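Since the structure comes first, as C-alpha cells, the remarks are kept for the end.
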Amino acid sequence: MTTTPFAFPPTYNFPPFFTPQPNTTTRHSQLEKWSSLIQSWCRHHRQYRLSLIDAVETPLFHNTALRKRLDLREARAVVDWMSKSEEEGGGGRRAEWISDAGGASSSGALGNGAGMGPKTVAWIWWRRPEEWADVLVDWVEGTGQKGSVLTVYELIHGEGAMSQGEISLFDCG
Amino acid sequence: MLFKSLDLTTALRPLLLPDEILLFVQDAVGLYEGKYKVQNYQNGHAYLTSHRVCYVAAEDPRKYSVAIDLKEIDRVESQAGFLKSSPKITIYPKPQKKTDKSRSATASPSVAQQAVLHPTQSLSHLPQTNLQQSSPSPKPINATWICPICSFSNPVPSNFDPATASAATNLPPCLACGIKPPFTTVLKAAISAVTSRESPLLSSAASPAIAQDTCQPNANASLSPFGSGGTVSCPRCTFVNHPSLTECEICGAPLSAGPSASANRVDSPAPLFEQSHIANTEISESIKLSFRAGGDKTFHERLRGALVQRKWLLRNAPPVPSPSQGASSPGLPSSAASVESPLPSVPRHAGVGIAGLERRGLEARKKNELVIGNAFEDLEALMASAKQIVALAESLARESGMTTNESSPETSAVLSESAAALGMVTTKDMLSSGSESLYLSELARDLAEYLTDDRKGILQREGGIMSLIDLWAVFNRSRNGVELASPSDFQKAAELWEKLKLPVRLRRFKSGLLVVQRYDWSDEKTIEKLQTWMEELRQVPPEDPVPWDWSLFGRAVTAQEAAHRFKWSVGVAAEELEMAEDRGVLCREEGIEGLRFWRNYLSSRGYDDLSRLAI
C-alpha cells in the first residue's frame, strides 16, 4: 500500500543480531528486538499474517548488505517466542500460529508450505484484539457515533474510518 | 645467639642469601625456647638451608618467622619421640663471652634494666615501668611437679593457681613423655612451692604489684634470696648452691639467681613461652624444634652435615671463575698445569690479531674439555665443579640459541638461564619420604615464586594469565630435565595456591580449561580491558568500508585478535571472551568467518531506538 520504504532500526545492521545468542539476557533482548522489528514491519506493510517461508526471503529476515539472514528455523523460534505470553517467558502473545489447514484455505501463499509442519504461517498481532477493541471504542467515541449501529463495511470503508487509517485494511480473514 | 627476623619471598618462604642452598623442609614443626613452647610458633615449616635454620609459621607467616644462623650453633642433639612426645632436635647456641652476655641482658626488656634505671628516673615513670613489668612476668611460682610416668620434673604452669584450680583445669602434659599428670600431683607441687616461698619472703607471691616494687632494687630478690656469701639456696630442696650454677646441684631444680636478666624466662613455669613474638630476642639456653609429623632424622642428619660443611664461610669467597674468561684464569689448579702455565699466556693475548683470536678460541675449547672431563670423572668432582658446569652449560645454551635463531629469543633465554635462576628448587630429595602433601605445598611455593619472579616475568609476558599446561611445559623445561613435576602433582600443587595464600591463583574456565593468574586478577578487570578496546574500535574507522555503522557498533573481534592484543594464548582469549559474553558485555556473531565477538548492543538500551518504532 505504502510506497515509502520501511525504515529498519539500527540493530538490523548489527551482525550479531542474526546469530542466536547463548546468553539468556542477551537472547531475551535480541528476541524483543526481533519481535518489535517484525511487528513494525507488518504494520508498515499492513500485513496481518506472516508466512515464514516467504518472509525469510524478504528484507525482513534477510539483510543483503550484511549478507546475513535469519533462517527458517530461527525465524520460527522468534515467532514461537512471540506467541508465548510474558508469563511463559515469551513476547506477550504478539503472534499466533495458524494451523496448516486453516491457513491453506484462506491464502494461496501456503502452497509451497505443505509438509513443512504446522508452524509456517502466523498472525502477527501488531495490535492485539483487545487493543483493536480499544481503538474501535476510541474511534466511535471520537466521532460521536456511540449508540449508533455501524456495519463492518462502514467501519472499514466509512469516511471517518478512512481518516483513521489504522483500520482501513482491517481484515479479519 | 639471636632469633633473627626473616625476609620471606612472595611464596612465603625464606628469602635465600646469595649462595645459600635449601637443604631440607619439614612441615608441622613447633618451636621451643628452652623447655617451653613459644606461642604462635607451634605449627610451621622448618627450612634448613646451608646457612640458617628458618622457621616459618603456617598462620600469619610474615609475622611469625624467625631464623638462626648456623654459625652460631654450638651443637645439636636429637631426642627421639617418647609416648606422646614428638621427636625433637635441640640446638645449643655457642657460649657467649661475658661482656656479650651482660650487654644482651640489658638489651632485653628486662627487670634488670629497670633496676638500673629506676634510681635515676623520675617518679612519674613509675607507673609505666610497673606496667611493663607486670605484663611479661606473672607470679613467679617456681614449682615443679614430678611426672609419675617418667619421673621428669616439669614446671607447674604459671596460670595454675592452687586456690582456683579444679580437676577440670586443663593441665599441660609432661614435657618428656607427653602424658597428662594427675591433677593432685600438680596441685600438691604448686601448694608446696607457694608455702615454701611465702616463708622466706612474704610479699613476693602475695600481690604482683608489691612483688614488682620489691623486684626493682634487686631483680632476683623475690625469686631466690641470695645467701650472705653470695650463694643461692635452692627453692625446692634448700640446698645452698654456688651462685654461678643455674641448676641445683642436688635436685636439679632451676635456680633463678643467675645474673642474666632472662631469669624471668628461664624460671617462668609456664609451658608456653612468655613472648609471642620472638624475632630479635636472645636465646637463653637452647631452642628445640619439635617434629610432629616426623622428618626429624633427616633434618638432624642434614643439619649436622651443614654444620660440618660450613658453607657460610664461602659467602665472601671469590666466585668461581667462569670458563669463558679464557685459559688465563687460575680457576682450576689441577687442570691449569696440564694445559699451559697461566702466566705466559697473558702477554700472548695482546695484539696478535686473527691468529691470537683463534688461539684463544682453541684454548677456551681445551679448557672446556678439561672442565667437562674433570667434572664427570666422579660424582664428587661433579658436585665440586657444579658451578662451572652450570656456567658452561649456560654459555653453550646461549650460543646454540643464537645460531638457531628461535622465534622468541626471550623465551629460550629464559629457559637456558633458568637452570641457575631457579635457585630454590624443592625436590623430593629434600623432603622426607612419604610426605606427599609437603612435597605438593613446596611445589606450589616453587611455582608461585617462579611465576612471580620479576627477572623472568613469565606471567607478565603472557599477559598476566597463562594456561596451566603451558606453565607446566615451561616449568619442566626450566628444570632442565631434572626432578620433573608430574602433571597430576602439578595440578594438585596449583590447587593448593589458594589455601597457602600465595600470590597466584588457579582458575577453571567454564569449559574446564585451567589457567594460572595473579590473585588480584579478576573478571572485572578483564571486562574493563575489553570494554576499553571496544570503545577504541568505535573511534577508529575500519580499513575496508563496512555495511554497518562502525561508529556505533565498532568492529568484531576474534579470539586471535584478542590473544594478540592482550598477549594471551588463544585458548585463554577465547575463554575470556566467552566469559565476557556470559556477563552480557559482549555478544557473538557466528558466520562463515568463524566466531566473532561484538560489543553487546542487543542488551544496551542506550542505542536502541527500536522502541520508537515499536507500537
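Chain lettering (A, B, ...) mirrors the order of the C-alpha cells, residue numbering begins at 1 for each chain separately, and ligand numbering begins at 1 in order of display.
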>> Only residues of chain A matter here; which ones have an atom within 9 Å of chain B, counting only C-alpha atoms? Give them as an MDAnalysis selection string.
In response: chainID A and resid 7:11 13:30 33 35:37 39:40 65:66 68 126:127
Output file for the residues above (C-alpha atoms, as a PDB file, in the first residue's frame):
ATOM      1  CA  ALA A   7      12.961   2.249   7.982  1.00  0.00           C
ATOM      2  CA  PHE A   8      14.922  -0.509   9.620  1.00  0.00           C
ATOM      3  CA  PRO A   9      16.123   0.019  13.170  1.00  0.00           C
ATOM      4  CA  PRO A  10      19.888   0.347  13.636  1.00  0.00           C
ATOM      5  CA  THR A  11      20.067  -3.079  15.234  1.00  0.00           C
ATOM      6  CA  ASN A  13      22.579  -3.653  10.679  1.00  0.00           C
ATOM      7  CA  PHE A  14      24.249  -5.192  13.722  1.00  0.00           C
ATOM      8  CA  PRO A  15      25.676  -8.523  12.566  1.00  0.00           C
ATOM      9  CA  PRO A  16      25.236 -10.397  15.871  1.00  0.00           C
ATOM     10  CA  PHE A  17      21.528  -9.633  15.576  1.00  0.00           C
ATOM     11  CA  PHE A  18      21.308 -12.583  13.201  1.00  0.00           C
ATOM     12  CA  THR A  19      23.078 -15.048  15.464  1.00  0.00           C
ATOM     13  CA  PRO A  20      21.158 -16.726  18.255  1.00  0.00           C
ATOM     14  CA  GLN A  21      22.808 -15.545  21.449  1.00  0.00           C
ATOM     15  CA  PRO A  22      23.691 -18.142  24.074  1.00  0.00           C
ATOM     16  CA  ASN A  23      23.483 -15.695  26.956  1.00  0.00           C
ATOM     17  CA  THR A  24      19.925 -15.687  28.305  1.00  0.00           C
ATOM     18  CA  THR A  25      19.742 -11.976  28.987  1.00  0.00           C
ATOM     19  CA  THR A  26      21.201 -11.081  25.640  1.00  0.00           C
ATOM     20  CA  ARG A  27      18.953 -13.609  23.953  1.00  0.00           C
ATOM     21  CA  HIS A  28      15.922 -12.067  25.591  1.00  0.00           C
ATOM     22  CA  SER A  29      16.671  -8.572  24.394  1.00  0.00           C
ATOM     23  CA  GLN A  30      17.533  -9.974  20.991  1.00  0.00           C
ATOM     24  CA  LYS A  33      14.156  -6.514  19.242  1.00  0.00           C
ATOM     25  CA  SER A  35       9.604  -9.038  17.903  1.00  0.00           C
ATOM     26  CA  SER A  36       9.310  -5.302  17.599  1.00  0.00           C
ATOM     27  CA  LEU A  37      11.007  -5.393  14.214  1.00  0.00           C
ATOM     28  CA  GLN A  39       5.609  -6.021  14.329  1.00  0.00           C
ATOM     29  CA  SER A  40       6.667  -2.727  12.842  1.00  0.00           C
ATOM     30  CA  ALA A  65      24.004  -5.596   2.811  1.00  0.00           C
ATOM     31  CA  LEU A  66      25.426  -7.652   5.654  1.00  0.00           C
ATOM     32  CA  LYS A  68      23.177 -12.128   6.919  1.00  0.00           C
ATOM     33  CA  TRP A 126       0.960  -5.749  15.925  1.00  0.00           C
ATOM     34  CA  ARG A 127      -2.268  -4.798  17.571  1.00  0.00           C
TER      35      ARG A 127
END
Val79 (chain A) surroundings by only C-alpha atoms, 9 Å radius, close-in-sequence under 3 positions cut, as a PDB file with C-alpha atoms, in the first residue's frame:
ATOM      1  CA  TRP A  34      13.157  -9.105  16.646  1.00  0.00           C
ATOM      2  CA  SER A  35       9.604  -9.038  17.903  1.00  0.00           C
ATOM      3  CA  ILE A  38       8.520  -7.964  12.899  1.00  0.00           C
ATOM      4  CA  GLU A  74      15.497 -19.308  13.686  1.00  0.00           C
ATOM      5  CA  ALA A  75      12.611 -17.210  12.377  1.00  0.00           C
ATOM      6  CA  ARG A  76      10.254 -19.855  13.684  1.00  0.00           C
ATOM      7  CA  MET A  82       6.365 -14.004  20.291  1.00  0.00           C
ATOM      8  CA  SER A  83       3.392 -16.318  20.517  1.00  0.00           C
ATOM      9  CA  LYS A  84       4.020 -17.091  24.164  1.00  0.00           C
ATOM     10  CA  GLY A  91       6.859 -11.930  23.918  1.00  0.00           C
ATOM     11  CA  ARG A  94       2.242 -10.880  19.638  1.00  0.00           C
ATOM     12  CA  ALA A  95       1.890 -13.769  17.239  1.00  0.00           C
ATOM     13  CA  GLU A  96      -0.360 -16.761  16.808  1.00  0.00           C
ATOM     14  CA  TRP A  97       0.362 -19.812  14.735  1.00  0.00           C
ATOM     15  CA  ALA A 122       1.278 -16.885  11.877  1.00  0.00           C
ATOM     16  CA  ILE A 124       1.246 -11.097  13.793  1.00  0.00           C
TER      17      ILE A 124
END
> What residues in region 25-76 of chain A get the DSSP label alpha helix (DSSP H)? Please answer as a PyMOL selection string.
Replying inline: chain A and resi 25-44+52-55+72-76
>> Applying 10 Å and only C-alpha atoms, which residues near Leu72 (chain A) remain after dropping the ones on its own chain fewer than 3 positions away? List them as a PyMOL selection string.
In response: chain A and resi 52-57+61+69+75-78+120
Output the selection as a short mmCIF file (atom, residue, chain, number, x, y, z; two decimals), in the first residue's frame - C-alpha atoms for each residue.
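For reference, part_11.cif as written:
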data_model
loop_
_atom_site.label_atom_id
_atom_site.label_comp_id
_atom_site.auth_asym_id
_atom_site.auth_seq_id
_atom_site.Cartn_x
_atom_site.Cartn_y
_atom_site.Cartn_z
CA LEU A 52 7.68 -17.52 7.27
CA ILE A 53 8.64 -19.45 4.19
CA ASP A 54 8.08 -16.37 2.09
CA ALA A 55 9.27 -13.94 4.71
CA VAL A 56 12.73 -15.45 5.08
CA GLU A 57 13.46 -14.23 1.58
CA PHE A 61 14.82 -11.70 7.64
CA ARG A 69 19.89 -13.85 7.26
CA ALA A 75 12.61 -17.21 12.38
CA ARG A 76 10.25 -19.85 13.68
CA ALA A 77 11.95 -19.67 17.07
CA VAL A 78 11.42 -15.93 17.11
CA THR A 120 4.78 -21.80 8.94
#
